Amino acid sequence: FIMAKISKNQLDAVVYAKIAENFTAALAHVNDPRDMERLLNSLFTGTERLMLAKRLAIAALLEQGKSYAQISKALKVSSVTIGFVRNSIMKSSKPYVELIKQLSRNISLKI
């Protein structure tokens with residue numbers, strides 16, 4: 001498992017806000033799931049996509065009431081990673097919570 005590399009050069013906060021806003025707006029215009037998949041495959045490495053998918057799966061399994069041990073075994077993640085996701089859920093926005101609830105209804109792993 002390889003962590004994504006982040007530049008040590010700090011990005012100006014205004015520049016960051018603008019490019020983040022543009023990124024969000026671009027994603028909002030993609031309606032077709034196949035187009036979204038192609039876009040995400042173009043934007044992110046396999047490792048980055050796997051990391052994001054695992055985080056979302058962790059959140060969905062937590063929503064289902066699965067234990068840290070069950071999630072760790074099924075997704076091959078550490079309890080620290082599960083705790084990180086759990087803490088981010090607690091601080092999350094309404095759209096994130098709704099996404100997790102939807103995912104928890106659709107994900108079924110044999111645990």
# chains A, B, ... in the order shown; residues from 1 in each chain; ligands from 1
$ residues_around --residues "range 71-77 of chain A" --least-positions-apart "6" --cutoff "12 Å" --atoms "only C-alpha atoms" --output "mmCIF file with all heavy atoms, in the first residue's frame"
data_model
loop_
_atom_site.group_PDB
_atom_site.id
_atom_site.type_symbol
_atom_site.label_atom_id
_atom_site.label_comp_id
_atom_site.auth_asym_id
_atom_site.auth_seq_id
_atom_site.Cartn_x
_atom_site.Cartn_y
_atom_site.Cartn_z
ATOM 1 N N PHE A 1 0.839 -1.178 0.000
ATOM 2 C CA PHE A 1 0.000 0.000 0.000
ATOM 3 C C PHE A 1 0.878 1.232 0.000
ATOM 4 O O PHE A 1 1.740 1.396 0.862
ATOM 5 C CB PHE A 1 -0.924 -0.013 1.225
ATOM 6 C CG PHE A 1 -1.824 1.181 1.345
ATOM 7 C CD1 PHE A 1 -2.793 1.405 0.393
ATOM 8 C CD2 PHE A 1 -1.694 2.069 2.383
ATOM 9 C CE1 PHE A 1 -3.617 2.495 0.500
ATOM 10 C CE2 PHE A 1 -2.518 3.147 2.501
ATOM 11 C CZ PHE A 1 -3.489 3.363 1.545
ATOM 12 N N LEU A 50 -8.319 3.200 -4.702
ATOM 13 C CA LEU A 50 -8.486 2.157 -3.695
ATOM 14 C C LEU A 50 -8.614 2.763 -2.300
ATOM 15 O O LEU A 50 -9.478 2.356 -1.511
ATOM 16 C CB LEU A 50 -7.316 1.178 -3.740
ATOM 17 C CG LEU A 50 -7.337 0.059 -2.699
ATOM 18 C CD1 LEU A 50 -8.580 -0.809 -2.849
ATOM 19 C CD2 LEU A 50 -6.073 -0.774 -2.810
ATOM 20 N N MET A 51 -7.781 3.756 -1.995
ATOM 21 C CA MET A 51 -7.825 4.411 -0.693
ATOM 22 C C MET A 51 -9.197 5.049 -0.461
ATOM 23 O O MET A 51 -9.804 4.884 0.604
ATOM 24 C CB MET A 51 -6.722 5.469 -0.597
ATOM 25 C CG MET A 51 -6.671 6.188 0.730
ATOM 26 S SD MET A 51 -5.319 7.386 0.836
ATOM 27 C CE MET A 51 -5.796 8.573 -0.404
ATOM 28 N N ALA A 53 -12.058 4.301 -2.006
ATOM 29 C CA ALA A 53 -13.076 3.253 -1.947
ATOM 30 C C ALA A 53 -13.086 2.567 -0.584
ATOM 31 O O ALA A 53 -14.157 2.297 -0.020
ATOM 32 C CB ALA A 53 -12.842 2.229 -3.059
ATOM 33 N N LYS A 54 -11.904 2.306 -0.049
ATOM 34 C CA LYS A 54 -11.827 1.671 1.278
ATOM 35 C C LYS A 54 -12.395 2.589 2.353
ATOM 36 O O LYS A 54 -13.108 2.128 3.248
ATOM 37 C CB LYS A 54 -10.379 1.296 1.621
ATOM 38 C CG LYS A 54 -9.921 0.015 0.966
ATOM 39 C CD LYS A 54 -8.555 -0.383 1.489
ATOM 40 C CE LYS A 54 -8.131 -1.741 1.011
ATOM 41 N NZ LYS A 54 -6.920 -2.231 1.680
ATOM 42 N N ARG A 55 -12.085 3.875 2.284
ATOM 43 C CA ARG A 55 -12.624 4.810 3.286
ATOM 44 C C ARG A 55 -14.139 4.835 3.243
ATOM 45 O O ARG A 55 -14.808 4.834 4.285
ATOM 46 C CB ARG A 55 -12.056 6.216 3.073
ATOM 47 C CG ARG A 55 -10.631 6.348 3.503
ATOM 48 C CD ARG A 55 -10.156 7.753 3.345
ATOM 49 N NE ARG A 55 -8.751 7.855 3.722
ATOM 50 C CZ ARG A 55 -8.056 8.958 3.658
ATOM 51 N NH1 ARG A 55 -8.604 10.076 3.243
ATOM 52 N NH2 ARG A 55 -6.787 8.972 4.022
ATOM 53 N N LEU A 56 -14.701 4.862 2.047
ATOM 54 C CA LEU A 56 -16.157 4.870 1.929
ATOM 55 C C LEU A 56 -16.746 3.550 2.419
ATOM 56 O O LEU A 56 -17.788 3.536 3.081
ATOM 57 C CB LEU A 56 -16.563 5.155 0.483
ATOM 58 C CG LEU A 56 -16.266 6.572 -0.005
ATOM 59 C CD1 LEU A 56 -16.528 6.689 -1.500
ATOM 60 C CD2 LEU A 56 -17.072 7.608 0.773
ATOM 61 N N ALA A 57 -16.086 2.435 2.111
ATOM 62 C CA ALA A 57 -16.569 1.134 2.582
ATOM 63 C C ALA A 57 -16.490 1.041 4.099
ATOM 64 O O ALA A 57 -17.408 0.517 4.743
ATOM 65 C CB ALA A 57 -15.758 0.006 1.933
ATOM 66 N N ILE A 58 -15.410 1.561 4.682
ATOM 67 C CA ILE A 58 -15.285 1.575 6.146
ATOM 68 C C ILE A 58 -16.451 2.335 6.757
ATOM 69 O O ILE A 58 -17.103 1.863 7.695
ATOM 70 C CB ILE A 58 -13.947 2.197 6.592
ATOM 71 C CG1 ILE A 58 -12.778 1.281 6.229
ATOM 72 C CG2 ILE A 58 -13.959 2.506 8.097
ATOM 73 C CD1 ILE A 58 -11.410 1.963 6.319
ATOM 74 N N ALA A 59 -16.731 3.512 6.215
ATOM 75 C CA ALA A 59 -17.823 4.341 6.739
ATOM 76 C C ALA A 59 -19.161 3.614 6.619
ATOM 77 O O ALA A 59 -19.972 3.618 7.556
ATOM 78 C CB ALA A 59 -17.871 5.680 6.010
ATOM 79 N N ALA A 60 -19.388 2.975 5.479
ATOM 80 C CA ALA A 60 -20.646 2.246 5.277
ATOM 81 C C ALA A 60 -20.763 1.079 6.253
ATOM 82 O O ALA A 60 -21.833 0.837 6.824
ATOM 83 C CB ALA A 60 -20.742 1.749 3.838
ATOM 84 N N LEU A 61 -19.676 0.362 6.468
ATOM 85 C CA LEU A 61 -19.710 -0.778 7.400
ATOM 86 C C LEU A 61 -19.873 -0.312 8.848
ATOM 87 O O LEU A 61 -20.556 -0.976 9.641
ATOM 88 C CB LEU A 61 -18.467 -1.635 7.227
ATOM 89 C CG LEU A 61 -18.383 -2.363 5.875
ATOM 90 C CD1 LEU A 61 -17.014 -2.998 5.681
ATOM 91 C CD2 LEU A 61 -19.495 -3.389 5.732
ATOM 92 N N LEU A 62 -19.281 0.816 9.195
ATOM 93 C CA LEU A 62 -19.518 1.386 10.525
ATOM 94 C C LEU A 62 -20.990 1.735 10.687
ATOM 95 O O LEU A 62 -21.583 1.487 11.746
ATOM 96 C CB LEU A 62 -18.641 2.624 10.747
ATOM 97 C CG LEU A 62 -17.162 2.377 10.985
ATOM 98 C CD1 LEU A 62 -16.389 3.697 10.919
ATOM 99 C CD2 LEU A 62 -16.929 1.686 12.324
ATOM 100 N N GLU A 63 -21.564 2.292 9.645
ATOM 101 C CA GLU A 63 -22.997 2.648 9.666
ATOM 102 C C GLU A 63 -23.847 1.398 9.879
ATOM 103 O O GLU A 63 -24.886 1.458 10.540
ATOM 104 C CB GLU A 63 -23.376 3.336 8.347
ATOM 105 C CG GLU A 63 -24.839 3.666 8.187
ATOM 106 C CD GLU A 63 -25.330 4.793 9.078
ATOM 107 O OE1 GLU A 63 -24.521 5.584 9.597
ATOM 108 O OE2 GLU A 63 -26.563 4.874 9.274
ATOM 109 N N GLN A 64 -23.405 0.267 9.358
ATOM 110 C CA GLN A 64 -24.120 -1.002 9.531
ATOM 111 C C GLN A 64 -23.893 -1.603 10.915
ATOM 112 O O GLN A 64 -24.497 -2.614 11.249
ATOM 113 C CB GLN A 64 -23.665 -2.016 8.477
ATOM 114 C CG GLN A 64 -24.087 -1.700 7.076
ATOM 115 C CD GLN A 64 -23.554 -2.711 6.066
ATOM 116 O OE1 GLN A 64 -22.821 -3.639 6.411
ATOM 117 N NE2 GLN A 64 -23.923 -2.533 4.818
ATOM 118 N N GLY A 65 -23.001 -0.994 11.694
ATOM 119 C CA GLY A 65 -22.750 -1.499 13.038
ATOM 120 C C GLY A 65 -21.675 -2.570 13.117
ATOM 121 O O GLY A 65 -21.556 -3.248 14.145
ATOM 122 N N GLY A 83 -10.540 4.219 12.810
ATOM 123 C CA GLY A 83 -10.767 5.326 13.734
ATOM 124 C C GLY A 83 -10.732 6.670 13.031
ATOM 125 O O GLY A 83 -11.534 7.565 13.334
ATOM 126 N N PHE A 84 -9.807 6.828 12.085
ATOM 127 C CA PHE A 84 -9.734 8.070 11.305
ATOM 128 C C PHE A 84 -11.043 8.306 10.558
ATOM 129 O O PHE A 84 -11.596 9.409 10.577
ATOM 130 C CB PHE A 84 -8.555 8.000 10.320
ATOM 131 C CG PHE A 84 -8.527 9.116 9.330
ATOM 132 C CD1 PHE A 84 -8.028 10.356 9.678
ATOM 133 C CD2 PHE A 84 -9.004 8.935 8.040
ATOM 134 C CE1 PHE A 84 -8.002 11.400 8.765
ATOM 135 C CE2 PHE A 84 -8.992 9.961 7.121
ATOM 136 C CZ PHE A 84 -8.489 11.200 7.488
ATOM 137 N N VAL A 85 -11.550 7.262 9.909
ATOM 138 C CA VAL A 85 -12.804 7.385 9.161
ATOM 139 C C VAL A 85 -13.955 7.669 10.118
ATOM 140 O O VAL A 85 -14.793 8.531 9.852
ATOM 141 C CB VAL A 85 -13.073 6.114 8.322
ATOM 142 C CG1 VAL A 85 -14.467 6.135 7.716
ATOM 143 C CG2 VAL A 85 -12.012 5.967 7.236
ATOM 144 N N ARG A 86 -13.994 6.976 11.243
ATOM 145 C CA ARG A 86 -15.059 7.200 12.235
ATOM 146 C C ARG A 86 -15.055 8.647 12.715
ATOM 147 O O ARG A 86 -16.098 9.288 12.810
ATOM 148 C CB ARG A 86 -14.889 6.255 13.417
ATOM 149 C CG ARG A 86 -15.989 6.380 14.447
ATOM 150 C CD ARG A 86 -15.777 5.380 15.594
ATOM 151 N NE ARG A 86 -16.645 5.702 16.678
ATOM 152 C CZ ARG A 86 -16.405 6.636 17.622
ATOM 153 N NH1 ARG A 86 -15.300 7.324 17.591
ATOM 154 N NH2 ARG A 86 -17.274 6.860 18.579
ATOM 155 N N SER A 108 -22.649 -5.034 0.686
ATOM 156 C CA SER A 108 -22.842 -6.260 1.466
ATOM 157 C C SER A 108 -21.581 -7.104 1.325
ATOM 158 O O SER A 108 -21.350 -7.686 0.271
ATOM 159 C CB SER A 108 -24.088 -7.013 1.044
ATOM 160 O OG SER A 108 -23.863 -7.806 -0.074
ATOM 161 N N LEU A 109 -20.785 -7.077 2.358
ATOM 162 C CA LEU A 109 -19.592 -7.899 2.407
ATOM 163 C C LEU A 109 -19.843 -9.051 3.354
ATOM 164 O O LEU A 109 -20.514 -8.892 4.369
ATOM 165 C CB LEU A 109 -18.396 -7.076 2.912
ATOM 166 C CG LEU A 109 -17.955 -5.910 2.053
ATOM 167 C CD1 LEU A 109 -16.832 -5.145 2.731
ATOM 168 C CD2 LEU A 109 -17.508 -6.391 0.693
ATOM 169 N N LYS A 110 -19.338 -10.182 3.009
ATOM 170 C CA LYS A 110 -19.470 -11.351 3.884
ATOM 171 C C LYS A 110 -18.463 -11.205 5.021
ATOM 172 O O LYS A 110 -17.281 -11.431 4.852
ATOM 173 C CB LYS A 110 -19.209 -12.643 3.112
ATOM 174 C CG LYS A 110 -20.150 -12.853 1.975
ATOM 175 C CD LYS A 110 -21.563 -13.065 2.440
ATOM 176 C CE LYS A 110 -22.496 -13.270 1.255
ATOM 177 N NZ LYS A 110 -23.847 -12.944 1.526
ATOM 178 N N ILE A 111 -18.968 -10.762 6.170
ATOM 179 C CA ILE A 111 -18.106 -10.550 7.333
ATOM 180 C C ILE A 111 -18.527 -11.500 8.424
ATOM 181 O O ILE A 111 -19.640 -11.662 8.744
ATOM 182 C CB ILE A 111 -18.191 -9.087 7.823
ATOM 183 C CG1 ILE A 111 -17.703 -8.163 6.721
ATOM 184 C CG2 ILE A 111 -17.404 -8.896 9.076
ATOM 185 C CD1 ILE A 111 -17.728 -6.712 7.060
#
$ select_by_dssp --residues "range 26-101 of chain A" --states "helix (DSSP H, G or I)" --output "short mmCIF file (atom, residue, chain, number, x, y, z; two decimals) with C-alpha atoms, in the first residue's frame"
data_model
loop_
_atom_site.label_atom_id
_atom_site.label_comp_id
_atom_site.auth_asym_id
_atom_site.auth_seq_id
_atom_site.Cartn_x
_atom_site.Cartn_y
_atom_site.Cartn_z
CA ALA A 26 -16.62 19.93 -12.60
CA LEU A 27 -17.64 16.77 -10.73
CA ALA A 28 -21.16 18.10 -10.23
CA PRO A 33 -21.91 6.72 -13.87
CA ARG A 34 -19.67 5.43 -16.69
CA ASP A 35 -18.45 8.98 -17.39
CA MET A 36 -17.77 9.44 -13.66
CA GLU A 37 -15.79 6.21 -13.58
CA ARG A 38 -13.72 7.27 -16.59
CA LEU A 39 -13.13 10.70 -15.05
CA LEU A 40 -12.04 9.27 -11.71
CA ASN A 41 -9.78 6.78 -13.47
CA SER A 42 -8.18 9.67 -15.34
CA LEU A 43 -7.76 11.86 -12.27
CA GLY A 46 -5.23 3.07 -8.73
CA THR A 47 -3.85 3.49 -5.22
CA GLU A 48 -5.75 6.73 -4.69
CA ARG A 49 -9.00 5.18 -5.96
CA LEU A 50 -8.49 2.16 -3.69
CA MET A 51 -7.82 4.41 -0.69
CA LEU A 52 -11.01 6.39 -1.33
CA ALA A 53 -13.08 3.25 -1.95
CA LYS A 54 -11.83 1.67 1.28
CA ARG A 55 -12.62 4.81 3.29
CA LEU A 56 -16.16 4.87 1.93
CA ALA A 57 -16.57 1.13 2.58
CA ILE A 58 -15.29 1.58 6.15
CA ALA A 59 -17.82 4.34 6.74
CA ALA A 60 -20.65 2.25 5.28
CA LEU A 61 -19.71 -0.78 7.40
CA LEU A 62 -19.52 1.39 10.53
CA GLU A 63 -23.00 2.65 9.67
CA TYR A 68 -13.45 -2.67 14.01
CA ALA A 69 -12.21 -6.28 13.94
CA GLN A 70 -14.74 -7.27 11.28
CA ILE A 71 -13.93 -4.25 9.11
CA SER A 72 -10.19 -4.68 9.55
CA LYS A 73 -10.34 -8.32 8.47
CA ALA A 74 -12.66 -7.72 5.50
CA LEU A 75 -10.91 -4.65 4.07
CA SER A 79 -7.87 0.05 13.45
CA VAL A 80 -6.14 3.45 13.18
CA THR A 81 -7.56 3.88 9.67
CA ILE A 82 -11.02 2.83 10.87
CA GLY A 83 -10.77 5.33 13.73
CA PHE A 84 -9.73 8.07 11.31
CA VAL A 85 -12.80 7.38 9.16
CA ARG A 86 -15.06 7.20 12.24
CA ASN A 87 -13.78 10.57 13.44
CA SER A 88 -14.26 12.14 10.02
CA ILE A 89 -17.86 10.91 9.99
CA MET A 90 -18.46 12.60 13.33
CA LYS A 94 -24.93 16.33 5.69
CA PRO A 95 -24.12 15.23 2.10
CA TYR A 96 -21.35 12.92 3.39
CA VAL A 97 -23.66 11.39 5.98
CA GLU A 98 -26.33 10.82 3.32
CA LEU A 99 -23.77 9.22 1.00
CA ILE A 100 -22.67 6.87 3.76
CA LYS A 101 -26.25 5.89 4.54
#
$ atom_distance --atom1 "CA of Phe44 in chain A" --atom2 "CA of Phe23 in chain A"
13.0 Å
